Amino acid sequence: MIETDLYDIFQGQLAAFLLVLTRTSGIFFISPFFGGLTIPANFRAGTAVAMAILIFPVLVKETTITAPANIWMFAGTVVQELAIGWMIGFISFVVMAAINMSGKIMDLQVGFAVANLMDPNSGQQTPLIGGFLHNLATIYFLVVNGHHFIIAALVESFRSVPLDGLVWNQSLAEFMIDLTAGVFLTGMKIAMPVTFAILITNVGMGILARTMPQMNIFVIGIPMHLLIGLFMLAMLMPFYVLFLDVMFSEMYADISTAIRLISP
């Protein structure tokens with residue numbers, strides 16, 4: 001068959017390199033910084049090719065790389081390799097999703113929920129406080145070289161999971177479900193101090209409204225929510241940076257766990 005003859009010519013180092021490039025490209029779909037829409041597609045594609053060129057000779061030296069037997073198996077392997085790269089990017093994206101969730105909760109409590117900004121990274125509307133916390137987390141992510149760790153995790157994935165060596169594990173599905181569900185829990189943890197402060201403020205204004213009925217509590221309540229919310233947010237900033245350290249450490253551990261679950 002013609003397709004078999006073409007694949008015989010194609011099979012070998014070129015096919016293996018394209019599989020390496022496919023897994024490398026997976027992290028550029030969704031991971032923080034790498035997957036942002038503000039980074040031009042040409043730059044992301046060029047960076048993926050450059051990373052694949054650097055990784056491929058090391059893999060050839062350390063392990064024996066063989067391409068699948070036919071083009072249909074090769075197509076299935078491409079999907080597997082893309083899924084591995086996407087998985088690494090998705091786990092790192094979960095941290096940023098939790099931060100956005102916390103920002104939405106804070107905005108709802110403080111009164112900023114009616115005003116949203118357009119986020120150029122995702123192309124979607126984002127809350128004011130959520131956008132601020134997300135941008136701060138992205139800057140801190142780059143400062144602590146989190147993007148370097150994603151690249152290191154990608155390289156380690158080739159050692160733990162060779163090309164065409166993905167092993168489906170039911171525990172991986174459970175792990176990803178728990179990880180996604182943790183977005184809401186982590187978002188609530190970040191927003192809890194502001195939410196609790198607003199709750200105490202509402203209780204105080206309710207008592208004030210009962211003791212002084214002539215006072216227009218709605219006129220006082222809106223600026224009071226803004227004042228208390230912004231004050232608590234300013235007080236939380238030093239602790240927020242420490243919390244980011246914990247979240248990024250958990251993210252690194254989750255990536256290692258996911259790679260271990262799919263390794264043969």
# chains A, B, ... in the order shown; residues from 1 in each chain; ligands from 1
>>> residues_around(residues="stretch 96-104 of chain A", least_positions_apart="4", cutoff="8 Å", atoms="only C-alpha atoms", output="PyMOL selection string")
chain A and resi 32+92+108+113+126-131+133-134+137+182-184+186-191
>>> select_by_dssp(residues="stretch 41-221 of chain A", states="strand (DSSP E or B)", output="list in words")
Asn116, Leu117, Met118, Asp119, Gln124, Gln125, Thr126 and Pro127 of chain A
>>> residues_around(residues="stretch 221-237 of chain A", least_positions_apart="6", cutoff="8 Å", atoms="only C-alpha atoms", output="compact mmCIF listing (two decimals) with all heavy atoms, in the first residue's frame")
# COMPACT_ATOMS: atom_id res chain seq x y z
N MET A 106 -14.47 36.90 46.33
CA MET A 106 -14.19 38.18 46.98
C MET A 106 -14.96 39.32 46.33
O MET A 106 -15.51 40.19 47.01
CB MET A 106 -12.69 38.47 46.93
CG MET A 106 -11.83 37.56 47.78
SD MET A 106 -10.09 38.06 47.71
CE MET A 106 -9.30 36.64 48.46
N GLN A 109 -18.54 39.39 47.40
CA GLN A 109 -18.74 39.85 48.76
C GLN A 109 -18.49 41.35 48.91
O GLN A 109 -19.22 42.05 49.61
CB GLN A 109 -17.81 39.08 49.72
CG GLN A 109 -18.07 37.58 49.77
CD GLN A 109 -19.44 37.23 50.26
OE1 GLN A 109 -19.99 37.88 51.14
NE2 GLN A 109 -20.02 36.19 49.67
N VAL A 110 -17.45 41.82 48.23
CA VAL A 110 -17.06 43.23 48.38
C VAL A 110 -18.00 44.14 47.60
O VAL A 110 -18.31 45.25 48.03
CB VAL A 110 -15.60 43.42 47.93
CG1 VAL A 110 -15.22 44.89 47.92
CG2 VAL A 110 -14.67 42.64 48.85
N GLY A 111 -18.49 43.68 46.45
CA GLY A 111 -19.37 44.51 45.63
C GLY A 111 -18.80 44.84 44.28
O GLY A 111 -19.34 45.70 43.57
N PRO A 193 -10.80 34.81 54.56
CA PRO A 193 -10.66 35.98 55.45
C PRO A 193 -11.53 37.16 55.02
O PRO A 193 -12.19 37.79 55.87
CB PRO A 193 -9.17 36.32 55.34
CG PRO A 193 -8.51 35.04 54.95
CD PRO A 193 -9.48 34.36 54.05
N VAL A 194 -11.56 37.46 53.72
CA VAL A 194 -12.39 38.57 53.25
C VAL A 194 -13.86 38.23 53.44
O VAL A 194 -14.67 39.08 53.88
CB VAL A 194 -12.07 38.88 51.77
CG1 VAL A 194 -13.04 39.93 51.22
CG2 VAL A 194 -10.64 39.36 51.62
N ALA A 197 -14.76 38.59 57.09
CA ALA A 197 -14.81 39.99 57.51
C ALA A 197 -16.09 40.66 57.03
O ALA A 197 -16.72 41.44 57.77
CB ALA A 197 -13.58 40.73 56.96
N ILE A 198 -16.51 40.35 55.80
CA ILE A 198 -17.75 40.93 55.28
C ILE A 198 -18.95 40.38 56.06
O ILE A 198 -19.93 41.10 56.32
CB ILE A 198 -17.89 40.63 53.78
CG1 ILE A 198 -16.76 41.32 52.99
CG2 ILE A 198 -19.23 41.11 53.26
CD1 ILE A 198 -16.74 42.83 53.11
N THR A 201 -19.15 42.22 59.22
CA THR A 201 -19.65 43.57 58.93
C THR A 201 -21.16 43.56 58.73
O THR A 201 -21.86 44.46 59.22
CB THR A 201 -18.95 44.12 57.67
OG1 THR A 201 -17.54 44.11 57.87
CG2 THR A 201 -19.41 45.53 57.38
N ASN A 202 -21.67 42.58 58.02
CA ASN A 202 -23.12 42.49 57.79
C ASN A 202 -23.87 42.26 59.09
O ASN A 202 -24.96 42.81 59.31
CB ASN A 202 -23.42 41.36 56.80
CG ASN A 202 -22.99 41.71 55.39
OD1 ASN A 202 -22.89 42.88 55.04
ND2 ASN A 202 -22.74 40.70 54.58
N MET A 205 -23.91 45.59 60.92
CA MET A 205 -24.86 46.53 60.34
C MET A 205 -26.30 46.10 60.59
O MET A 205 -27.20 46.94 60.71
CB MET A 205 -24.60 46.67 58.83
CG MET A 205 -23.32 47.43 58.50
SD MET A 205 -23.18 47.88 56.76
CE MET A 205 -23.14 46.23 56.03
>>> closest_residue(among="A:Phe17, A:Phe29, A:Phe175, A:Trp72", to="A:Ala50", atoms="only C-alpha atoms")
A:Phe17
>>> residues_around(residues="A:Asp164", least_positions_apart="5", cutoff="12 Å", atoms="only C-alpha atoms", output="list of chain:residue names")
A:Ala15, A:Ala16, A:Leu19, A:Val20, A:Thr22, A:Arg23, A:Ile65, A:Thr66, A:Ala67, A:Pro68, A:Ala69, A:Met73, A:Phe74, A:Ala75, A:Gly76, A:Thr77, A:Val78, A:Val79, A:Gln80, A:Glu81, A:Leu82, A:Ala83, A:Ile84, A:Phe158, A:Ile262, A:Ser263, A:Pro264
>>> atom_distance(atom1="atom CA of A:Leu142", atom2="atom CA of A:Ala253")
18.0 Å
>>> atom_distance(atom1="atom CA of A:Ser31", atom2="atom CA of A:Met251")
11.7 Å
>>> closest_residue(among="A:Val144, A:Leu208, A:Leu179, A:Ala152", to="A:Ser249", atoms="only C-alpha atoms")
A:Val144
>>> select_by_dssp(residues="stretch 14-185 of chain A", states="helix (DSSP H, G or I)", output="count of residues only")
122
>>> closest_residue(among="A:Val241, A:Ala52, A:Met176, A:Ile207", to="A:Ile151", atoms="only C-alpha atoms")
A:Ala52
>>> atom_distance(atom1="atom CA of A:Asn116", atom2="atom CA of A:Phe141")
23.7 Å
>>> residues_around(residues="A:Ala153", least_positions_apart="4", cutoff="10 Å", atoms="only C-alpha atoms", output="ChimeraX atom specification")
/A:85,88,147-149,157-159,252,255-256,259
>>> closest_residue(among="A:Gly89, A:Thr257, A:Phe43, A:Gln13", to="A:Phe28", atoms="only C-alpha atoms")
A:Gly89
>>> closest_residue(among="A:Leu21, A:Leu172, A:Ile150, A:Leu136", to="A:Phe34", atoms="only C-alpha atoms")
A:Ile150
